[in-house]
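This report refers to the structure that appears directly beneath it.
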Amino acid sequence: MKSKTVILVSLSLGALIVTVPASAHHSVAAFANGKTLTLNGTVTEWYWANPHCLLKFDVQTDSGVVVQWVAETQAPANMIDAGWRKNDLKPGDEITVTVRQANNGNLVGRILRVELADGRTLDATQDRTGATGNEYHLSGAPTD
Amino acid sequence: MAKRILFPPTAMMVVIAALSVLVFSPGTHAQSGQQPAAADDSPKPGPAPRRDLSGMWTPASGPGGGIQAFGVQAMPNDGKPEHALPYTPYGLELYQSHRPLEGVDAVLPAFHNDPRNKCEPLGFPRVNHYNVRMTQFFQNPYKLVILYQYDNRSRSIWVDGRELPEMVDGGVLAGGTYKASKWYGYSVGEWIDDYTLVVRTVGMMPEDRVWLDSTGRPISDAVTVEEVFRRVDSDHMEWTETIDDPKVYTEPWMTMKILFKLADPHTDIVEMYCSPVEMQYYYDSFGNAASGVENDSK
């Protein structure tokens, strides 16, 4: 797939609040005034770790230059609650990522959602708070 | 080929503001579900067991109920007058020396001085205010052990009738024997009735090693922490905490009152470790760039 960039710039960010429960690592201060962008790119790394999972992906700019973006989610425990998994993303996957860019304009941001090539969308703005069994269950465990 | 989609700025702002409310409001799905609430036919909880806190507990309101990203649950650090804390002059000085990553005085990721980010032990009572999720209680006639999900840390609470140690400089006197301060202190519990355990803890680490919460509120080694664990019924427990720290606060105050529910005992808990390697990778890959800091200059 051609790596192309589609940019939707949101200037009205006051109401955009990521609602996945914070992991208590850092506030959204670094992104509070950033742009919301939708980027087409290719995964180079999906780092499933604390304090935040990191998604690295290459994006081709309008001028044809390929740049690397790095975007964070919350910690794995939070992302599992939101339905994400460690094996959802692999290097080479073609994806569309919606991020809130850092205020300072560097190529880093906080992920809002990721659309996968198979049509699934991973949403980082909603969790399943209140549902039971938010953690892994042992397969085959007896029920009682 | 690159493609850029542009909208008239004014129209775009209106549309996005409207969509933002729809997309990001927590109640969106409940409002749009068009489904009447199902009747609650789940089994009702039975009576609480006598003098028994054992089990795996999770915040009754959901996983987010114990994260406490905005400070201790009962007094979030949100700038509201009703949440202002009764600092001593020294306590306020301590608070102002902290550069937290959460709360009203949060700094950008690269500029914090939170000991948590060096993967230091959270210590007690901060462990009660940081990602309190799946929390396991193991109990025998002598002690209660609480195993926290974050960093897989545990603390022991003696319930064998011993006296609470006496605080002395740099530690405690326990049964006349000097013992050094500990990250998780010295805890003694007493059942005041068949369903309520009161736990007092002293002898924690000094204020240059530990914080009270992720918003930089301080705590000192002069603190006495009182927790009340009350079994509400067969499935629920209320966990309350009050701190009395005369070095930092002019009066005792309640830090949390959270209802927990028993989790499925077959649940396999997700690890939440602080790895120095992962933390460094996070800052090198992301945190420094988000803060406008070059990796070489940090």
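Residues are named by chain letter and number: chains run A, B, ... in the order of the structure tokens, numbers start at 1 in each chain, and ligands are numbered from 1 in the order shown.
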Residues near segment 144-153 of chain B, cut-off 10 Å, only C-alpha atoms, skip fewer than 5 positions along chain, as an mmCIF file with all heavy atoms, in the first residue's frame:
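Generated output (part_13.cif):
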data_model
loop_
_atom_site.group_PDB
_atom_site.id
_atom_site.type_symbol
_atom_site.label_atom_id
_atom_site.label_comp_id
_atom_site.auth_asym_id
_atom_site.auth_seq_id
_atom_site.Cartn_x
_atom_site.Cartn_y
_atom_site.Cartn_z
ATOM 1 N N ASP B 52 -13.156 -12.111 58.225
ATOM 2 C CA ASP B 52 -12.532 -12.696 57.036
ATOM 3 C C ASP B 52 -12.486 -11.658 55.911
ATOM 4 O O ASP B 52 -13.525 -11.229 55.411
ATOM 5 C CB ASP B 52 -13.332 -13.924 56.594
ATOM 6 C CG ASP B 52 -12.660 -14.647 55.436
ATOM 7 O OD1 ASP B 52 -11.557 -14.235 55.020
ATOM 8 O OD2 ASP B 52 -13.249 -15.629 54.937
ATOM 9 N N LEU B 53 -11.268 -11.281 55.527
ATOM 10 C CA LEU B 53 -11.089 -10.335 54.422
ATOM 11 C C LEU B 53 -10.461 -11.013 53.209
ATOM 12 O O LEU B 53 -10.143 -10.356 52.221
ATOM 13 C CB LEU B 53 -10.202 -9.163 54.857
ATOM 14 C CG LEU B 53 -10.714 -8.291 55.996
ATOM 15 C CD1 LEU B 53 -9.645 -7.265 56.395
ATOM 16 C CD2 LEU B 53 -12.005 -7.576 55.606
ATOM 17 N N SER B 54 -10.239 -12.316 53.283
ATOM 18 C CA SER B 54 -9.497 -12.992 52.228
ATOM 19 C C SER B 54 -10.248 -12.943 50.901
ATOM 20 O O SER B 54 -11.481 -12.920 50.860
ATOM 21 C CB SER B 54 -9.211 -14.440 52.624
ATOM 22 O OG SER B 54 -10.413 -15.126 52.891
ATOM 23 N N GLY B 55 -9.476 -12.924 49.839
ATOM 24 C CA GLY B 55 -10.062 -12.899 48.503
ATOM 25 C C GLY B 55 -9.327 -11.930 47.605
ATOM 26 O O GLY B 55 -8.369 -11.261 48.010
ATOM 27 N N MET B 56 -9.765 -11.879 46.375
ATOM 28 C CA MET B 56 -9.183 -10.947 45.407
ATOM 29 C C MET B 56 -10.199 -9.825 45.183
ATOM 30 O O MET B 56 -11.321 -10.063 44.732
ATOM 31 C CB MET B 56 -8.872 -11.662 44.102
ATOM 32 C CG MET B 56 -8.291 -10.750 43.042
ATOM 33 S SD MET B 56 -7.226 -11.628 41.892
ATOM 34 C CE MET B 56 -8.291 -12.947 41.394
ATOM 35 N N TRP B 57 -9.766 -8.623 45.495
ATOM 36 C CA TRP B 57 -10.678 -7.483 45.504
ATOM 37 C C TRP B 57 -10.358 -6.532 44.355
ATOM 38 O O TRP B 57 -9.191 -6.310 44.031
ATOM 39 C CB TRP B 57 -10.561 -6.724 46.828
ATOM 40 C CG TRP B 57 -10.946 -7.551 48.020
ATOM 41 C CD1 TRP B 57 -10.110 -8.268 48.847
ATOM 42 C CD2 TRP B 57 -12.270 -7.768 48.507
ATOM 43 N NE1 TRP B 57 -10.840 -8.907 49.819
ATOM 44 C CE2 TRP B 57 -12.174 -8.618 49.645
ATOM 45 C CE3 TRP B 57 -13.538 -7.333 48.114
ATOM 46 C CZ2 TRP B 57 -13.283 -9.028 50.372
ATOM 47 C CZ3 TRP B 57 -14.646 -7.737 48.831
ATOM 48 C CH2 TRP B 57 -14.518 -8.576 49.950
ATOM 49 N N CYS B 119 11.518 3.871 39.290
ATOM 50 C CA CYS B 119 11.106 2.537 39.732
ATOM 51 C C CYS B 119 11.447 2.297 41.200
ATOM 52 O O CYS B 119 11.683 1.157 41.610
ATOM 53 C CB CYS B 119 11.682 1.440 38.843
ATOM 54 S SG CYS B 119 11.075 1.501 37.145
ATOM 55 N N PRO B 121 10.397 1.859 45.079
ATOM 56 C CA PRO B 121 9.153 1.362 45.672
ATOM 57 C C PRO B 121 8.215 2.536 45.960
ATOM 58 O O PRO B 121 8.655 3.606 46.389
ATOM 59 C CB PRO B 121 9.619 0.697 46.971
ATOM 60 C CG PRO B 121 11.079 0.397 46.750
ATOM 61 C CD PRO B 121 11.591 1.487 45.859
ATOM 62 N N LEU B 122 6.927 2.322 45.719
ATOM 63 C CA LEU B 122 5.973 3.384 46.031
ATOM 64 C C LEU B 122 5.949 3.677 47.516
ATOM 65 O O LEU B 122 5.766 4.818 47.937
ATOM 66 C CB LEU B 122 4.565 2.983 45.589
ATOM 67 C CG LEU B 122 4.318 2.837 44.097
ATOM 68 C CD1 LEU B 122 2.915 2.315 43.850
ATOM 69 C CD2 LEU B 122 4.517 4.174 43.394
ATOM 70 N N GLY B 123 6.147 2.640 48.329
ATOM 71 C CA GLY B 123 6.036 2.810 49.778
ATOM 72 C C GLY B 123 4.577 2.908 50.200
ATOM 73 O O GLY B 123 3.654 2.949 49.383
ATOM 74 N N VAL B 127 1.125 3.241 47.941
ATOM 75 C CA VAL B 127 0.687 2.027 47.250
ATOM 76 C C VAL B 127 -0.834 1.887 47.285
ATOM 77 O O VAL B 127 -1.419 1.224 46.424
ATOM 78 C CB VAL B 127 1.390 0.790 47.868
ATOM 79 C CG1 VAL B 127 0.854 0.497 49.271
ATOM 80 C CG2 VAL B 127 1.272 -0.421 46.973
ATOM 81 N N ASN B 128 -1.462 2.528 48.255
ATOM 82 C CA ASN B 128 -2.936 2.524 48.297
ATOM 83 C C ASN B 128 -3.555 3.525 47.331
ATOM 84 O O ASN B 128 -4.780 3.572 47.192
ATOM 85 C CB ASN B 128 -3.441 2.878 49.705
ATOM 86 C CG ASN B 128 -3.393 1.699 50.655
ATOM 87 O OD1 ASN B 128 -3.043 0.595 50.261
ATOM 88 N ND2 ASN B 128 -3.733 1.946 51.910
ATOM 89 N N TYR B 130 -2.181 4.225 44.018
ATOM 90 C CA TYR B 130 -1.560 4.134 42.695
ATOM 91 C C TYR B 130 -1.999 2.846 42.009
ATOM 92 O O TYR B 130 -1.563 1.757 42.374
ATOM 93 C CB TYR B 130 -0.037 4.159 42.806
ATOM 94 C CG TYR B 130 0.632 4.277 41.458
ATOM 95 C CD1 TYR B 130 0.722 5.514 40.824
ATOM 96 C CD2 TYR B 130 1.136 3.162 40.813
ATOM 97 C CE1 TYR B 130 1.298 5.626 39.580
ATOM 98 C CE2 TYR B 130 1.724 3.265 39.561
ATOM 99 C CZ TYR B 130 1.800 4.504 38.958
ATOM 100 O OH TYR B 130 2.371 4.622 37.712
ATOM 101 N N ASN B 131 -2.876 2.983 41.040
ATOM 102 C CA ASN B 131 -3.304 1.810 40.277
ATOM 103 C C ASN B 131 -3.728 0.656 41.172
ATOM 104 O O ASN B 131 -3.245 -0.475 41.032
ATOM 105 C CB ASN B 131 -2.192 1.356 39.330
ATOM 106 C CG ASN B 131 -2.195 2.129 38.034
ATOM 107 O OD1 ASN B 131 -3.099 1.996 37.225
ATOM 108 N ND2 ASN B 131 -1.186 2.961 37.846
ATOM 109 N N VAL B 132 -4.594 0.942 42.125
ATOM 110 C CA VAL B 132 -5.107 -0.119 42.982
ATOM 111 C C VAL B 132 -6.176 -0.859 42.186
ATOM 112 O O VAL B 132 -7.288 -0.374 42.006
ATOM 113 C CB VAL B 132 -5.681 0.439 44.295
ATOM 114 C CG1 VAL B 132 -6.201 -0.690 45.166
ATOM 115 C CG2 VAL B 132 -4.605 1.221 45.031
ATOM 116 N N ARG B 133 -5.805 -1.990 41.696
ATOM 117 C CA ARG B 133 -6.699 -2.754 40.814
ATOM 118 C C ARG B 133 -6.968 -4.098 41.474
ATOM 119 O O ARG B 133 -7.563 -4.140 42.552
ATOM 120 C CB ARG B 133 -6.056 -2.859 39.438
ATOM 121 C CG ARG B 133 -5.832 -1.481 38.786
ATOM 122 C CD ARG B 133 -4.851 -1.542 37.638
ATOM 123 N NE ARG B 133 -5.367 -2.298 36.531
ATOM 124 C CZ ARG B 133 -5.949 -1.777 35.453
ATOM 125 N NH1 ARG B 133 -6.067 -0.482 35.335
ATOM 126 N NH2 ARG B 133 -6.390 -2.527 34.480
ATOM 127 N N MET B 134 -6.517 -5.183 40.867
ATOM 128 C CA MET B 134 -6.712 -6.498 41.484
ATOM 129 C C MET B 134 -5.816 -6.615 42.724
ATOM 130 O O MET B 134 -4.581 -6.599 42.603
ATOM 131 C CB MET B 134 -6.379 -7.601 40.480
ATOM 132 C CG MET B 134 -7.369 -7.699 39.354
ATOM 133 S SD MET B 134 -8.965 -8.330 39.955
ATOM 134 C CE MET B 134 -9.828 -8.506 38.395
ATOM 135 N N THR B 135 -6.404 -6.703 43.878
ATOM 136 C CA THR B 135 -5.655 -6.667 45.134
ATOM 137 C C THR B 135 -6.032 -7.904 45.953
ATOM 138 O O THR B 135 -7.200 -8.102 46.284
ATOM 139 C CB THR B 135 -5.997 -5.389 45.914
ATOM 140 O OG1 THR B 135 -5.822 -4.256 45.044
ATOM 141 C CG2 THR B 135 -5.096 -5.228 47.126
ATOM 142 N N GLN B 136 -5.004 -8.715 46.240
ATOM 143 C CA GLN B 136 -5.271 -9.999 46.896
ATOM 144 C C GLN B 136 -5.002 -9.917 48.391
ATOM 145 O O GLN B 136 -3.953 -9.410 48.816
ATOM 146 C CB GLN B 136 -4.396 -11.086 46.257
ATOM 147 C CG GLN B 136 -4.677 -11.276 44.778
ATOM 148 C CD GLN B 136 -3.750 -12.279 44.145
ATOM 149 O OE1 GLN B 136 -3.973 -13.474 44.230
ATOM 150 N NE2 GLN B 136 -2.698 -11.796 43.520
ATOM 151 N N PHE B 137 -5.926 -10.436 49.177
ATOM 152 C CA PHE B 137 -5.791 -10.481 50.631
ATOM 153 C C PHE B 137 -5.636 -11.946 51.053
ATOM 154 O O PHE B 137 -6.499 -12.772 50.744
ATOM 155 C CB PHE B 137 -7.043 -9.897 51.310
ATOM 156 C CG PHE B 137 -7.147 -8.395 51.290
ATOM 157 C CD1 PHE B 137 -6.992 -7.671 50.119
ATOM 158 C CD2 PHE B 137 -7.423 -7.687 52.456
ATOM 159 C CE1 PHE B 137 -7.102 -6.285 50.100
ATOM 160 C CE2 PHE B 137 -7.541 -6.305 52.461
ATOM 161 C CZ PHE B 137 -7.381 -5.601 51.274
ATOM 162 N N PHE B 138 -4.556 -12.235 51.735
ATOM 163 C CA PHE B 138 -4.315 -13.573 52.286
ATOM 164 C C PHE B 138 -4.298 -13.442 53.802
ATOM 165 O O PHE B 138 -3.629 -12.554 54.348
ATOM 166 C CB PHE B 138 -2.981 -14.133 51.791
ATOM 167 C CG PHE B 138 -2.868 -14.207 50.290
ATOM 168 C CD1 PHE B 138 -2.243 -13.193 49.572
ATOM 169 C CD2 PHE B 138 -3.394 -15.280 49.589
ATOM 170 C CE1 PHE B 138 -2.138 -13.251 48.193
ATOM 171 C CE2 PHE B 138 -3.286 -15.345 48.208
ATOM 172 C CZ PHE B 138 -2.664 -14.335 47.506
ATOM 173 N N GLN B 139 -4.977 -14.333 54.472
ATOM 174 C CA GLN B 139 -5.179 -14.148 55.907
ATOM 175 C C GLN B 139 -4.978 -15.471 56.637
ATOM 176 O O GLN B 139 -5.388 -16.532 56.170
ATOM 177 C CB GLN B 139 -6.623 -13.650 56.110
ATOM 178 C CG GLN B 139 -6.989 -13.294 57.513
ATOM 179 C CD GLN B 139 -8.410 -12.752 57.586
ATOM 180 O OE1 GLN B 139 -8.966 -12.274 56.590
ATOM 181 N NE2 GLN B 139 -9.006 -12.831 58.763
ATOM 182 N N TRP B 158 -0.016 -7.406 61.107
ATOM 183 C CA TRP B 158 -0.123 -8.365 62.210
ATOM 184 C C TRP B 158 -1.486 -8.251 62.873
ATOM 185 O O TRP B 158 -1.936 -7.153 63.203
ATOM 186 C CB TRP B 158 0.978 -8.126 63.238
ATOM 187 C CG TRP B 158 2.344 -8.459 62.720
ATOM 188 C CD1 TRP B 158 3.301 -7.590 62.327
ATOM 189 C CD2 TRP B 158 2.884 -9.769 62.525
ATOM 190 N NE1 TRP B 158 4.410 -8.258 61.882
ATOM 191 C CE2 TRP B 158 4.183 -9.620 62.003
ATOM 192 C CE3 TRP B 158 2.402 -11.062 62.732
ATOM 193 C CZ2 TRP B 158 5.000 -10.693 61.690
ATOM 194 C CZ3 TRP B 158 3.216 -12.141 62.423
ATOM 195 C CH2 TRP B 158 4.505 -11.950 61.909
ATOM 196 N N VAL B 159 -2.128 -9.395 63.087
ATOM 197 C CA VAL B 159 -3.431 -9.423 63.782
ATOM 198 C C VAL B 159 -3.342 -10.401 64.960
ATOM 199 O O VAL B 159 -4.330 -11.009 65.352
ATOM 200 C CB VAL B 159 -4.580 -9.808 62.832
ATOM 201 C CG1 VAL B 159 -4.835 -8.701 61.821
ATOM 202 C CG2 VAL B 159 -4.307 -11.136 62.131
ATOM 203 N N ASP B 160 -2.129 -10.535 65.515
ATOM 204 C CA ASP B 160 -1.909 -11.515 66.590
ATOM 205 C C ASP B 160 -1.953 -10.875 67.973
ATOM 206 O O ASP B 160 -1.516 -11.487 68.951
ATOM 207 C CB ASP B 160 -0.572 -12.226 66.376
ATOM 208 C CG ASP B 160 0.601 -11.255 66.322
ATOM 209 O OD1 ASP B 160 0.371 -10.016 66.380
ATOM 210 O OD2 ASP B 160 1.749 -11.709 66.203
ATOM 211 N N TYR B 184 7.166 -0.090 53.590
ATOM 212 C CA TYR B 184 5.753 -0.380 53.821
ATOM 213 C C TYR B 184 5.404 -0.401 55.305
ATOM 214 O O TYR B 184 4.299 -0.789 55.674
ATOM 215 C CB TYR B 184 5.362 -1.680 53.091
ATOM 216 C CG TYR B 184 5.482 -1.462 51.596
ATOM 217 C CD1 TYR B 184 6.681 -1.696 50.930
ATOM 218 C CD2 TYR B 184 4.426 -0.923 50.873
ATOM 219 C CE1 TYR B 184 6.816 -1.420 49.574
ATOM 220 C CE2 TYR B 184 4.546 -0.643 49.518
ATOM 221 C CZ TYR B 184 5.750 -0.891 48.877
ATOM 222 O OH TYR B 184 5.879 -0.595 47.534
ATOM 223 N N SER B 187 2.663 -2.583 60.507
ATOM 224 C CA SER B 187 1.200 -2.511 60.571
ATOM 225 C C SER B 187 0.659 -3.501 61.598
ATOM 226 O O SER B 187 1.083 -4.664 61.653
ATOM 227 C CB SER B 187 0.574 -2.845 59.215
ATOM 228 O OG SER B 187 0.993 -1.937 58.222
ATOM 229 N N VAL B 188 -0.293 -3.015 62.396
ATOM 230 C CA VAL B 188 -0.966 -3.858 63.392
ATOM 231 C C VAL B 188 -2.464 -3.645 63.233
ATOM 232 O O VAL B 188 -2.945 -2.501 63.155
ATOM 233 C CB VAL B 188 -0.528 -3.489 64.826
ATOM 234 C CG1 VAL B 188 -1.378 -4.230 65.856
ATOM 235 C CG2 VAL B 188 0.946 -3.812 65.028
ATOM 236 N N GLY B 189 -3.197 -4.753 63.180
ATOM 237 C CA GLY B 189 -4.648 -4.668 63.017
ATOM 238 C C GLY B 189 -5.401 -5.212 64.217
ATOM 239 O O GLY B 189 -4.903 -6.078 64.940
ATOM 240 N N ILE B 269 -3.946 -12.348 37.025
ATOM 241 C CA ILE B 269 -3.738 -10.902 37.088
ATOM 242 C C ILE B 269 -2.679 -10.445 36.085
ATOM 243 O O ILE B 269 -1.624 -11.070 35.934
ATOM 244 C CB ILE B 269 -3.337 -10.498 38.521
ATOM 245 C CG1 ILE B 269 -4.516 -10.780 39.455
ATOM 246 C CG2 ILE B 269 -2.934 -9.037 38.583
ATOM 247 C CD1 ILE B 269 -4.207 -10.518 40.906
ATOM 248 N N VAL B 270 -2.962 -9.335 35.430
ATOM 249 C CA VAL B 270 -2.023 -8.739 34.479
ATOM 250 C C VAL B 270 -0.872 -8.084 35.247
ATOM 251 O O VAL B 270 -1.085 -7.405 36.241
ATOM 252 C CB VAL B 270 -2.741 -7.678 33.626
ATOM 253 C CG1 VAL B 270 -1.770 -6.968 32.704
ATOM 254 C CG2 VAL B 270 -3.865 -8.328 32.827
ATOM 255 N N GLU B 271 0.343 -8.300 34.779
ATOM 256 C CA GLU B 271 1.507 -7.685 35.436
ATOM 257 C C GLU B 271 1.537 -6.184 35.187
ATOM 258 O O GLU B 271 1.215 -5.717 34.096
ATOM 259 C CB GLU B 271 2.798 -8.291 34.890
ATOM 260 C CG GLU B 271 3.079 -9.687 35.370
ATOM 261 C CD GLU B 271 4.438 -10.180 34.900
ATOM 262 O OE1 GLU B 271 4.948 -9.641 33.903
ATOM 263 O OE2 GLU B 271 4.982 -11.094 35.541
ATOM 264 N N MET B 272 1.944 -5.448 36.214
ATOM 265 C CA MET B 272 2.183 -4.003 36.069
ATOM 266 C C MET B 272 3.500 -3.677 36.775
ATOM 267 O O MET B 272 3.494 -3.153 37.886
ATOM 268 C CB MET B 272 1.048 -3.186 36.683
ATOM 269 C CG MET B 272 -0.249 -3.228 35.918
ATOM 270 S SD MET B 272 -1.422 -1.990 36.503
ATOM 271 C CE MET B 272 -0.773 -0.505 35.718
ATOM 272 N N TYR B 273 4.591 -4.045 36.156
ATOM 273 C CA TYR B 273 5.894 -3.779 36.752
ATOM 274 C C TYR B 273 6.448 -2.439 36.283
ATOM 275 O O TYR B 273 6.169 -2.000 35.175
ATOM 276 C CB TYR B 273 6.891 -4.876 36.377
ATOM 277 C CG TYR B 273 6.757 -6.126 37.224
ATOM 278 C CD1 TYR B 273 6.168 -7.272 36.721
ATOM 279 C CD2 TYR B 273 7.219 -6.139 38.532
ATOM 280 C CE1 TYR B 273 6.040 -8.410 37.492
ATOM 281 C CE2 TYR B 273 7.100 -7.268 39.307
ATOM 282 C CZ TYR B 273 6.514 -8.400 38.793
ATOM 283 O OH TYR B 273 6.388 -9.521 39.567
ATOM 284 N N CYS B 274 7.255 -1.844 37.125
ATOM 285 C CA CYS B 274 8.068 -0.716 36.695
ATOM 286 C C CYS B 274 9.435 -1.263 36.335
ATOM 287 O O CYS B 274 10.185 -1.707 37.206
ATOM 288 C CB CYS B 274 8.191 0.330 37.813
ATOM 289 S SG CYS B 274 9.072 1.814 37.274
ATOM 290 N N SER B 275 9.741 -1.271 35.046
ATOM 291 C CA SER B 275 11.025 -1.763 34.569
ATOM 292 C C SER B 275 11.903 -0.567 34.225
ATOM 293 O O SER B 275 11.519 0.260 33.379
ATOM 294 C CB SER B 275 10.816 -2.630 33.317
ATOM 295 O OG SER B 275 11.998 -2.666 32.539
#
* Show which residues sit within 12 Å of Tyr282 of chain B, as a ChimeraX atom specification. Count only C-alpha atoms, and ignore same-chain residues fewer than 5 positions away. => /A:25,47-56,70-75,108 /B:109-110,117,274-277,287-290,295
* **Spatial neighbours of segment 245-254 of chain B, 6 Å, only C-alpha atoms, chain gap at least 4 places, as a PyMOL selection string** => chain B and resi 86-88+91+222-223+241
May I have the residues from that selection written out with N, CA and C atoms, as a compact mmCIF listing (two decimals), in the first residue's frame?
# COMPACT_ATOMS: atom_id res chain seq x y z
N PRO B 86 -4.56 20.76 54.45
CA PRO B 86 -4.10 21.58 55.58
C PRO B 86 -2.58 21.47 55.79
N TYR B 87 -1.83 22.03 54.85
CA TYR B 87 -0.38 21.92 54.92
C TYR B 87 0.20 22.71 56.09
N THR B 88 1.21 22.17 56.73
CA THR B 88 2.08 22.97 57.58
C THR B 88 2.99 23.77 56.64
N GLY B 91 5.19 21.34 55.12
CA GLY B 91 4.47 20.51 54.17
C GLY B 91 4.27 21.20 52.84
N ALA B 222 6.81 10.76 59.93
CA ALA B 222 6.08 10.98 61.18
C ALA B 222 4.61 10.57 61.07
N VAL B 223 4.24 10.03 59.93
CA VAL B 223 2.82 9.75 59.69
C VAL B 223 2.37 8.48 60.42
N GLU B 241 -9.12 5.11 54.45
CA GLU B 241 -7.78 5.46 54.96
C GLU B 241 -7.77 6.90 55.44
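Across the model, the gap from atom CA of Val99 of chain A to atom CA of Ala69 of chain B is 21.5 Å.
Atom CA of Glu102 of chain B to atom CA of Arg113 of chain A spans 23.2 Å [interatomic distance, one decimal].
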* Do a neighbour search on segment 84-91 of chain A at 6 Å with only C-alpha atoms, toss out local chain neighbours closer than 3 positions, and write the hits as a list of chain:residue names. =>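 Within the cut-off, the hits are A:Val43, A:Thr44, A:Glu45, A:Met79, A:Ile80.
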* **Nearest-residue call for Gln60 of chain A, choices A:Leu39, A:Val28, A:Leu116, A:Ala77, using only C-alpha atoms** =>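 Result for the nearest residue to Gln60 of chain A: A:Leu39.
Distances to Thr242 of chain B were evaluated for B:Ser61, B:Thr267, B:Thr201, B:Ser42 using only C-alpha atoms, and the minimum falls at B:Thr201.
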* To do: Output as number ranges by chain all residues of segment 32-94 of chain B that backbone DSSP marks as strand (DSSP E or B).
  => B: 55-59, 87
Can you spit out the residues from that selection as a PDB file, in the first residue's frame, using all heavy atoms?
ATOM      1  N   GLY B  55      -9.476 -12.924  49.839  1.00  0.00           N
ATOM      2  CA  GLY B  55     -10.062 -12.899  48.503  1.00  0.00           C
ATOM      3  C   GLY B  55      -9.327 -11.930  47.605  1.00  0.00           C
ATOM      4  O   GLY B  55      -8.369 -11.261  48.010  1.00  0.00           O
ATOM      5  N   MET B  56      -9.765 -11.879  46.375  1.00  0.00           N
ATOM      6  CA  MET B  56      -9.183 -10.947  45.407  1.00  0.00           C
ATOM      7  C   MET B  56     -10.199  -9.825  45.183  1.00  0.00           C
ATOM      8  O   MET B  56     -11.321 -10.063  44.732  1.00  0.00           O
ATOM      9  CB  MET B  56      -8.872 -11.662  44.102  1.00  0.00           C
ATOM     10  CG  MET B  56      -8.291 -10.750  43.042  1.00  0.00           C
ATOM     11  SD  MET B  56      -7.226 -11.628  41.892  1.00  0.00           S
ATOM     12  CE  MET B  56      -8.291 -12.947  41.394  1.00  0.00           C
ATOM     13  N   TRP B  57      -9.766  -8.623  45.495  1.00  0.00           N
ATOM     14  CA  TRP B  57     -10.678  -7.483  45.504  1.00  0.00           C
ATOM     15  C   TRP B  57     -10.358  -6.532  44.355  1.00  0.00           C
ATOM     16  O   TRP B  57      -9.191  -6.310  44.031  1.00  0.00           O
ATOM     17  CB  TRP B  57     -10.561  -6.724  46.828  1.00  0.00           C
ATOM     18  CG  TRP B  57     -10.946  -7.551  48.020  1.00  0.00           C
ATOM     19  CD1 TRP B  57     -10.110  -8.268  48.847  1.00  0.00           C
ATOM     20  CD2 TRP B  57     -12.270  -7.768  48.507  1.00  0.00           C
ATOM     21  NE1 TRP B  57     -10.840  -8.907  49.819  1.00  0.00           N
ATOM     22  CE2 TRP B  57     -12.174  -8.618  49.645  1.00  0.00           C
ATOM     23  CE3 TRP B  57     -13.538  -7.333  48.114  1.00  0.00           C
ATOM     24  CZ2 TRP B  57     -13.283  -9.028  50.372  1.00  0.00           C
ATOM     25  CZ3 TRP B  57     -14.646  -7.737  48.831  1.00  0.00           C
ATOM     26  CH2 TRP B  57     -14.518  -8.576  49.950  1.00  0.00           C
ATOM     27  N   THR B  58     -11.400  -5.964  43.806  1.00  0.00           N
ATOM     28  CA  THR B  58     -11.239  -4.978  42.734  1.00  0.00           C
ATOM     29  C   THR B  58     -12.233  -3.848  42.985  1.00  0.00           C
ATOM     30  O   THR B  58     -13.300  -4.083  43.564  1.00  0.00           O
ATOM     31  CB  THR B  58     -11.480  -5.638  41.353  1.00  0.00           C
ATOM     32  OG1 THR B  58     -11.179  -4.725  40.313  1.00  0.00           O
ATOM     33  CG2 THR B  58     -12.920  -6.097  41.210  1.00  0.00           C
ATOM     34  N   PRO B  59     -11.908  -2.622  42.619  1.00  0.00           N
ATOM     35  CA  PRO B  59     -12.847  -1.531  42.872  1.00  0.00           C
ATOM     36  C   PRO B  59     -14.229  -1.836  42.301  1.00  0.00           C
ATOM     37  O   PRO B  59     -14.353  -2.236  41.136  1.00  0.00           O
ATOM     38  CB  PRO B  59     -12.195  -0.330  42.183  1.00  0.00           C
ATOM     39  CG  PRO B  59     -10.730  -0.632  42.236  1.00  0.00           C
ATOM     40  CD  PRO B  59     -10.646  -2.136  42.034  1.00  0.00           C
ATOM     41  N   TYR B  87      -1.833  22.028  54.849  1.00  0.00           N
ATOM     42  CA  TYR B  87      -0.378  21.915  54.922  1.00  0.00           C
ATOM     43  C   TYR B  87       0.198  22.705  56.095  1.00  0.00           C
ATOM     44  O   TYR B  87      -0.250  23.817  56.396  1.00  0.00           O
ATOM     45  CB  TYR B  87       0.258  22.464  53.636  1.00  0.00           C
ATOM     46  CG  TYR B  87       0.092  21.595  52.431  1.00  0.00           C
ATOM     47  CD1 TYR B  87      -0.637  22.043  51.332  1.00  0.00           C
ATOM     48  CD2 TYR B  87       0.691  20.344  52.359  1.00  0.00           C
ATOM     49  CE1 TYR B  87      -0.782  21.259  50.194  1.00  0.00           C
ATOM     50  CE2 TYR B  87       0.549  19.551  51.225  1.00  0.00           C
ATOM     51  CZ  TYR B  87      -0.186  20.007  50.152  1.00  0.00           C
ATOM     52  OH  TYR B  87      -0.331  19.234  49.037  1.00  0.00           O
TER      53      TYR B  87
END
* **B:Pro76, B:Gly161, B:Gly46, B:Gly103 ranked by distance to chain A, top pick (using only C-alpha atoms)** =>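 For chain A, the nearest of the candidates is B:Gly103.
When only C-alpha atoms are used to measure the gap to chain B, the shortest distance among A:Gly41, A:Gly83, A:Gly119, A:Gly109 belongs to A:Gly109.
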